[in-house]
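work-v7.cif (mmCIF, C-alpha atoms) appears below.
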```cif
data_structure
#
loop_
_atom_site.label_atom_id
_atom_site.label_comp_id
_atom_site.auth_asym_id
_atom_site.auth_seq_id
_atom_site.Cartn_x
_atom_site.Cartn_y
_atom_site.Cartn_z
CA MET H 15 -9.69 1.33 23.38
CA ASN H 16 -6.06 2.13 22.67
CA THR H 17 -4.71 0.45 19.59
CA LEU H 18 -1.27 0.45 18.07
CA ALA H 19 -1.14 3.01 15.28
CA LEU H 20 -0.07 1.25 12.11
CA GLY H 21 1.74 4.22 10.65
CA PRO H 22 0.67 7.87 11.09
CA GLN H 23 -2.05 8.49 13.68
CA TRP H 24 -4.44 9.74 11.01
CA LEU H 25 -4.25 6.27 9.39
CA ASP H 26 -4.92 4.42 12.65
CA PRO H 27 -8.41 2.80 12.35
CA ASP H 28 -9.24 3.43 16.01
CA TYR H 29 -8.32 7.12 15.71
CA LEU H 30 -10.31 7.52 12.49
CA ILE H 31 -13.45 5.95 13.97
CA GLU H 32 -13.24 7.91 17.24
CA THR H 33 -12.71 11.16 15.34
CA PHE H 34 -15.09 10.85 12.39
CA GLY H 35 -17.51 8.09 13.43
CA LEU H 36 -19.44 5.88 11.02
CA LEU H 37 -19.74 8.62 8.40
CA GLY H 38 -15.95 8.84 8.32
CA VAL H 39 -15.73 5.08 7.82
CA LEU H 40 -18.14 5.26 4.88
CA ALA H 41 -16.22 8.15 3.32
CA ILE H 42 -12.94 6.23 3.57
CA VAL H 43 -14.49 3.07 2.11
CA PHE H 44 -15.89 5.12 -0.78
CA ALA H 45 -12.53 6.81 -1.44
CA GLU H 46 -10.48 3.62 -1.26
CA SER H 47 -12.86 1.82 -3.59
CA GLY H 48 -12.28 4.01 -6.63
CA LEU H 49 -10.65 7.40 -6.05
CA LEU H 50 -7.00 7.85 -7.02
CA ILE H 51 -6.25 9.53 -3.69
CA GLY H 52 -7.69 6.63 -1.67
CA PHE H 53 -5.20 3.84 -2.36
CA PHE H 54 -3.22 4.39 0.89
CA LEU H 55 -6.25 4.29 3.23
CA PRO H 56 -6.60 1.40 5.76
CA GLY H 57 -9.66 -0.35 4.32
CA ASP H 58 -9.35 -3.87 5.73
CA SER H 59 -8.22 -2.96 9.24
CA LEU H 60 -10.78 -0.13 9.34
CA LEU H 61 -13.70 -2.44 8.53
CA PHE H 62 -12.44 -5.07 10.97
CA THR H 63 -12.23 -2.47 13.73
CA THR H 64 -15.67 -1.13 12.81
CA GLY H 65 -17.24 -4.56 13.24
CA LEU H 66 -15.46 -5.02 16.56
CA LEU H 67 -16.64 -1.63 17.86
CA VAL H 68 -20.23 -2.37 16.85
CA THR H 69 -20.10 -5.57 18.91
CA THR H 70 -18.70 -3.72 21.92
CA ASN H 71 -21.35 -0.94 21.56
CA VAL H 72 -18.75 1.77 20.92
CA ILE H 73 -20.56 2.31 17.61
CA LYS H 74 -24.25 2.49 18.51
CA GLN H 75 -25.77 1.55 15.14
CA ASP H 76 -27.12 -1.94 14.45
CA LEU H 77 -24.68 -4.33 12.82
CA TRP H 78 -26.94 -5.04 9.83
CA LEU H 79 -27.29 -1.31 9.15
CA VAL H 80 -23.52 -0.79 9.33
CA CYS H 81 -22.92 -3.70 6.94
CA VAL H 82 -25.46 -2.37 4.42
CA ALA H 83 -24.01 1.14 4.61
CA VAL H 84 -20.44 -0.11 4.14
CA ALA H 85 -21.43 -2.28 1.17
CA VAL H 86 -23.26 0.64 -0.48
CA ALA H 87 -20.27 2.94 0.05
CA ALA H 88 -17.96 0.34 -1.50
CA ILE H 89 -20.26 -0.15 -4.50
CA LEU H 90 -20.63 3.59 -5.08
CA GLY H 91 -16.86 4.04 -4.80
CA ASP H 92 -16.25 1.49 -7.54
CA GLN H 93 -18.94 3.18 -9.62
CA ALA H 94 -17.14 6.51 -9.30
CA GLY H 95 -13.87 4.86 -10.27
CA TYR H 96 -15.42 3.26 -13.36
CA LEU H 97 -16.95 6.54 -14.57
CA PHE H 98 -13.65 8.33 -13.94
CA GLY H 99 -11.81 5.70 -15.99
CA ARG H 100 -14.24 6.03 -18.91
CA LYS H 101 -13.84 9.80 -18.90
CA VAL H 102 -10.07 9.94 -18.47
CA GLY H 103 -9.29 6.99 -20.70
CA PRO H 104 -5.73 6.33 -21.94
CA SER H 105 -4.46 9.64 -20.56
CA LEU H 106 -4.32 7.94 -17.17
CA PHE H 107 -1.41 5.83 -18.40
CA ARG H 108 0.49 8.94 -19.42
CA ARG H 109 0.04 10.73 -16.11
CA PRO H 110 3.43 11.51 -14.48
CA ASP H 111 4.38 10.15 -11.07
CA SER H 112 3.86 12.28 -7.98
CA LYS H 113 3.92 11.81 -4.22
CA LEU H 114 0.37 10.40 -4.23
CA PHE H 115 0.32 8.82 -7.70
CA LYS H 116 2.57 6.12 -9.05
CA GLN H 117 2.24 4.84 -12.60
CA GLU H 118 3.34 1.44 -11.29
CA ASN H 119 0.06 1.10 -9.36
CA VAL H 120 -1.96 1.67 -12.53
CA GLU H 121 0.09 -0.90 -14.45
CA LYS H 122 -0.31 -3.50 -11.68
CA ALA H 123 -4.08 -2.99 -11.64
CA HIS H 124 -4.20 -3.22 -15.44
CA GLU H 125 -2.29 -6.51 -15.40
CA PHE H 126 -4.59 -7.80 -12.65
CA PHE H 127 -7.68 -6.85 -14.67
CA GLU H 128 -6.34 -8.37 -17.88
CA LYS H 129 -5.43 -11.60 -16.09
CA HIS H 130 -8.68 -12.19 -14.20
CA GLY H 131 -11.22 -10.41 -16.42
CA PRO H 132 -14.53 -9.25 -14.89
CA LYS H 133 -14.04 -11.37 -11.76
CA SER H 134 -11.07 -9.13 -10.94
CA LEU H 135 -13.64 -6.68 -9.56
CA ILE H 136 -14.37 -9.26 -6.85
CA LEU H 137 -10.82 -10.50 -6.26
CA ALA H 138 -9.33 -6.99 -6.21
CA ARG H 139 -11.55 -6.04 -3.28
CA PHE H 140 -9.27 -8.09 -1.05
CA VAL H 141 -6.01 -6.68 -2.44
CA PRO H 142 -4.95 -3.25 -1.11
CA ILE H 143 -4.05 -0.61 -3.73
CA VAL H 144 -5.24 -2.90 -6.53
CA ARG H 145 -8.85 -2.54 -5.34
CA THR H 146 -8.58 1.23 -5.78
CA PHE H 147 -7.32 1.15 -9.37
CA THR H 148 -9.16 -1.90 -10.79
CA PRO H 149 -12.57 -0.19 -11.30
CA ILE H 150 -10.76 2.73 -12.94
CA ILE H 151 -9.02 0.31 -15.32
CA ALA H 152 -12.40 -1.32 -16.02
CA GLY H 153 -13.67 2.10 -17.10
CA VAL H 154 -10.59 2.78 -19.21
CA SER H 155 -11.10 -0.61 -20.92
CA ARG H 156 -14.81 0.24 -21.41
CA MET H 157 -15.93 -2.97 -19.76
CA ASN H 158 -19.58 -3.80 -20.43
CA TYR H 159 -21.49 -1.67 -17.94
CA ARG H 160 -24.04 -4.34 -17.03
CA SER H 161 -21.29 -6.84 -16.25
CA PHE H 162 -19.46 -4.20 -14.25
CA ILE H 163 -22.52 -3.50 -12.10
CA ILE H 164 -23.04 -7.21 -11.36
CA PHE H 165 -19.44 -7.90 -10.31
CA ASN H 166 -19.19 -4.56 -8.53
CA VAL H 167 -22.19 -5.36 -6.32
CA ILE H 168 -20.96 -8.89 -5.57
CA GLY H 169 -17.47 -7.68 -4.68
CA GLY H 170 -18.72 -4.75 -2.60
CA VAL H 171 -21.03 -6.96 -0.55
CA LEU H 172 -18.49 -9.75 -0.03
CA TRP H 173 -15.69 -7.40 1.04
CA GLY H 174 -17.61 -4.71 2.89
CA THR H 175 -19.94 -7.04 4.73
CA GLY H 176 -17.49 -9.94 5.10
CA VAL H 177 -14.64 -8.05 6.77
CA THR H 178 -17.04 -6.11 9.01
CA LEU H 179 -18.77 -9.33 10.13
CA LEU H 180 -15.38 -10.93 10.77
CA GLY H 181 -14.47 -8.08 13.12
CA SER H 182 -17.84 -8.36 14.81
CA ALA H 183 -17.54 -12.13 15.31
CA LEU H 184 -13.98 -11.98 16.63
CA GLY H 185 -14.91 -9.00 18.78
CA LYS H 186 -16.80 -11.42 21.02
CA VAL H 187 -13.62 -13.37 21.75
CA ASP H 188 -11.70 -12.35 24.88
CA PHE H 189 -8.33 -13.05 23.24
CA VAL H 190 -9.09 -10.46 20.57
CA HIS H 191 -9.85 -7.78 23.16
CA GLN H 192 -6.65 -8.55 25.00
CA HIS H 193 -4.50 -8.49 21.83
CA ILE H 194 -6.27 -5.98 19.57
CA GLU H 195 -2.96 -4.50 18.40
CA LEU H 196 -1.74 -7.89 17.22
CA MET H 197 -5.05 -8.55 15.48
CA LEU H 198 -4.83 -5.30 13.51
CA ILE H 199 -1.25 -6.05 12.52
CA ALA H 200 -2.34 -9.53 11.42
CA ILE H 201 -5.13 -8.05 9.28
CA VAL H 202 -2.67 -5.70 7.58
CA LEU H 203 -0.17 -8.51 6.96
CA LEU H 204 -2.87 -10.79 5.57
CA SER H 205 -4.06 -8.03 3.25
CA ILE H 206 -0.62 -7.57 1.69
CA ILE H 207 0.01 -11.29 1.15
CA PRO H 208 -1.73 -11.24 -2.29
CA ILE H 209 0.55 -8.36 -3.35
CA GLY H 210 3.62 -10.36 -2.30
CA ILE H 211 2.40 -13.44 -4.18
CA GLU H 212 1.75 -11.44 -7.35
CA PHE H 213 5.17 -9.80 -7.07
CA LEU H 214 6.94 -13.16 -6.72
CA ARG H 215 4.97 -14.61 -9.64
CA ALA H 216 5.77 -11.65 -11.87
CA ARG H 217 9.43 -11.81 -10.90
CA GLY H 218 9.62 -15.55 -11.59
CA LYS H 219 7.83 -15.14 -14.92
CA ALA H 220 10.23 -12.38 -15.97
CA LYS H 221 13.25 -14.53 -15.11
CA LYS H 222 11.80 -17.51 -17.00
CA GLU H 223 11.10 -15.43 -20.12
CA ALA H 224 14.57 -13.94 -19.98
CA ALA H 225 16.11 -17.43 -19.75
CA GLU H 226 14.06 -18.72 -22.69
CA GLN H 227 15.01 -15.91 -25.06
CA PRO H 228 17.60 -17.09 -27.62
CA GLU H 229 20.93 -15.33 -27.63
CA PRO H 230 21.52 -13.06 -30.66
CA GLN H 231 23.60 -14.77 -33.33
CA GLY H 232 25.89 -13.09 -35.87
CA PRO H 233 26.31 -14.22 -39.50
CA ALA H 234 27.56 -17.77 -39.82
CA ALA H 235 31.27 -18.19 -40.58
CA GLY H 236 32.03 -18.55 -44.29
CA SER H 237 28.61 -17.31 -45.42
CA PRO H 238 28.65 -14.89 -48.36
CA SER H 239 28.23 -11.23 -47.56
CA GLN H 240 24.74 -9.84 -48.19
CA GLY H 241 25.88 -6.25 -48.62
CA PRO H 242 26.33 -4.43 -51.94
CA ARG H 243 30.00 -5.40 -52.12
CA GLY H 244 29.11 -9.07 -51.86
CA ARG H 245 26.65 -8.85 -54.74
CA HIS H 246 29.20 -6.95 -56.84
CA ALA H 247 31.82 -9.63 -56.23
CA LYS H 248 29.49 -12.33 -57.62
CA ARG H 249 29.25 -10.44 -60.89
#
```

Just give me the structure as structure tokens.
Amino acid sequence: MNTLALGPQWLDPDYLIETFGLLGVLAIVFAESGLLIGFFLPGDSLLFTTGLLVTTNVIKQDLWLVCVAVAVAAILGDQAGYLFGRKVGPSLFRRPDSKLFKQENVEKAHEFFEKHGPKSLILARFVPIVRTFTPIIAGVSRMNYRSFIIFNVIGGVLWGTGVTLLGSALGKVDFVHQHIELMLIAIVLLSIIPIGIEFLRARGKAKKEAAEQPEPQGPAAGSPSQGPRGRHAKR
């Protein structure tokens, strides 16, 4: 199956699966779920392609086994991110930008976590980049560990199993086989929609707050001076 590479070849889901197999898929899911270096990996399109290849017998493992393995990898990835966040703590926010690390990504994930609370661990699963940093922010914030485990498991199962099953179900449709490149592009576009929505909301909120701020006013005309000279004149 020849698919359109969405960026460099080593980020093309089809290439990754053909080269590294199911173990490679699990490693990528683990890394994208909570390691700082994993935010750029193609999680959604990779899982979709994995489900499709299971249906077409390119991947020989049973679908239920693949879904369980993917969910476990996603849960363990978030766990690693949480523990890393607890250990690193506030120093993460002081880390300088580099080619693979942008402070902006940490701040976006922190805002997302603060806005949605514990359920952000579920919602963030479906938002690229944010899903990588949210468990780390949960660790930095020292979120209750029991609550973290619960929402981590729910999010890992819904995302890991859900996207894989979607690829498997659509893999049985002839149109999907005939237009696999378009389907992968659609998956990528759908996955970045939440980022676009959050960006537009943040931009609109910033403009609204700027418009509501009162303009600075100087001392009223004719008012007595409050400086030392003014007090001396009254004497």

Determine, counting all atoms listed in the file, which protein, DNA and RNA residues have an atom within 6 Å of an atom of Ile89 in chain H; residues of the same chain fewer than 3 positions away are not included. Present the result as a short mmCIF file (atom, residue, chain, number, x, y, z; two decimals) with C-alpha atoms, in the coordinates of the input.
```cif
data_model
loop_
_atom_site.label_atom_id
_atom_site.label_comp_id
_atom_site.auth_asym_id
_atom_site.auth_seq_id
_atom_site.Cartn_x
_atom_site.Cartn_y
_atom_site.Cartn_z
CA VAL H 86 -23.26 0.64 -0.48
CA ASP H 92 -16.25 1.49 -7.54
CA VAL H 167 -22.19 -5.36 -6.32
CA GLY H 170 -18.72 -4.75 -2.60
#
```

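For the pair CA of Ala87 in chain H and CA of His124 in chain H, the separation is 23.2 Å.
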
Next item on the list: Apply the PyMOL selection byres ((chain H and resi 60-74) around 9) to the displayed file and report the matching residues as a ChimeraX atom specification.
Entry: /H:26-28,30-31,35-36,39,42-43,55-59,75-77,80-81,84,174-175,177-186,198,201

What does the file look like for those residues with C-alpha atoms, as a PDB file, in the coordinates of the input?
```pdb
ATOM      1  CA  ASP H  26      -4.920   4.420  12.650  1.00  0.00           C
ATOM      2  CA  PRO H  27      -8.410   2.800  12.350  1.00  0.00           C
ATOM      3  CA  ASP H  28      -9.240   3.430  16.010  1.00  0.00           C
ATOM      4  CA  LEU H  30     -10.310   7.520  12.490  1.00  0.00           C
ATOM      5  CA  ILE H  31     -13.450   5.950  13.970  1.00  0.00           C
ATOM      6  CA  GLY H  35     -17.510   8.090  13.430  1.00  0.00           C
ATOM      7  CA  LEU H  36     -19.440   5.880  11.020  1.00  0.00           C
ATOM      8  CA  VAL H  39     -15.730   5.080   7.820  1.00  0.00           C
ATOM      9  CA  ILE H  42     -12.940   6.230   3.570  1.00  0.00           C
ATOM     10  CA  VAL H  43     -14.490   3.070   2.110  1.00  0.00           C
ATOM     11  CA  LEU H  55      -6.250   4.290   3.230  1.00  0.00           C
ATOM     12  CA  PRO H  56      -6.600   1.400   5.760  1.00  0.00           C
ATOM     13  CA  GLY H  57      -9.660  -0.350   4.320  1.00  0.00           C
ATOM     14  CA  ASP H  58      -9.350  -3.870   5.730  1.00  0.00           C
ATOM     15  CA  SER H  59      -8.220  -2.960   9.240  1.00  0.00           C
ATOM     16  CA  GLN H  75     -25.770   1.550  15.140  1.00  0.00           C
ATOM     17  CA  ASP H  76     -27.120  -1.940  14.450  1.00  0.00           C
ATOM     18  CA  LEU H  77     -24.680  -4.330  12.820  1.00  0.00           C
ATOM     19  CA  VAL H  80     -23.520  -0.790   9.330  1.00  0.00           C
ATOM     20  CA  CYS H  81     -22.920  -3.700   6.940  1.00  0.00           C
ATOM     21  CA  VAL H  84     -20.440  -0.110   4.140  1.00  0.00           C
ATOM     22  CA  GLY H 174     -17.610  -4.710   2.890  1.00  0.00           C
ATOM     23  CA  THR H 175     -19.940  -7.040   4.730  1.00  0.00           C
ATOM     24  CA  VAL H 177     -14.640  -8.050   6.770  1.00  0.00           C
ATOM     25  CA  THR H 178     -17.040  -6.110   9.010  1.00  0.00           C
ATOM     26  CA  LEU H 179     -18.770  -9.330  10.130  1.00  0.00           C
ATOM     27  CA  LEU H 180     -15.380 -10.930  10.770  1.00  0.00           C
ATOM     28  CA  GLY H 181     -14.470  -8.080  13.120  1.00  0.00           C
ATOM     29  CA  SER H 182     -17.840  -8.360  14.810  1.00  0.00           C
ATOM     30  CA  ALA H 183     -17.540 -12.130  15.310  1.00  0.00           C
ATOM     31  CA  LEU H 184     -13.980 -11.980  16.630  1.00  0.00           C
ATOM     32  CA  GLY H 185     -14.910  -9.000  18.780  1.00  0.00           C
ATOM     33  CA  LYS H 186     -16.800 -11.420  21.020  1.00  0.00           C
ATOM     34  CA  LEU H 198      -4.830  -5.300  13.510  1.00  0.00           C
ATOM     35  CA  ILE H 201      -5.130  -8.050   9.280  1.00  0.00           C
TER      36      ILE H 201
END
```

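You will find CA of Ser155 in chain H at 7.6 Å from CA of Arg100 in chain H.
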
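For the set H:Ser105, H:Thr148, H:Asn158, H:Ser47, the residue with the smallest atom-to-atom gap to Phe126 in chain H is H:Thr148, counting all atoms listed in the file.
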
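Residue nearest Phe127 in chain H within the list H:Gln227, H:Phe140, H:Leu49, H:Met157: H:Met157 [criterion: smallest interatomic distance, all atoms listed in the file].
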
If you count only C-alpha atoms, the residue of H:Ala83, H:Ile136, H:Val141, H:Ala45 closest to Gly95 in chain H turns out to be H:Ala45
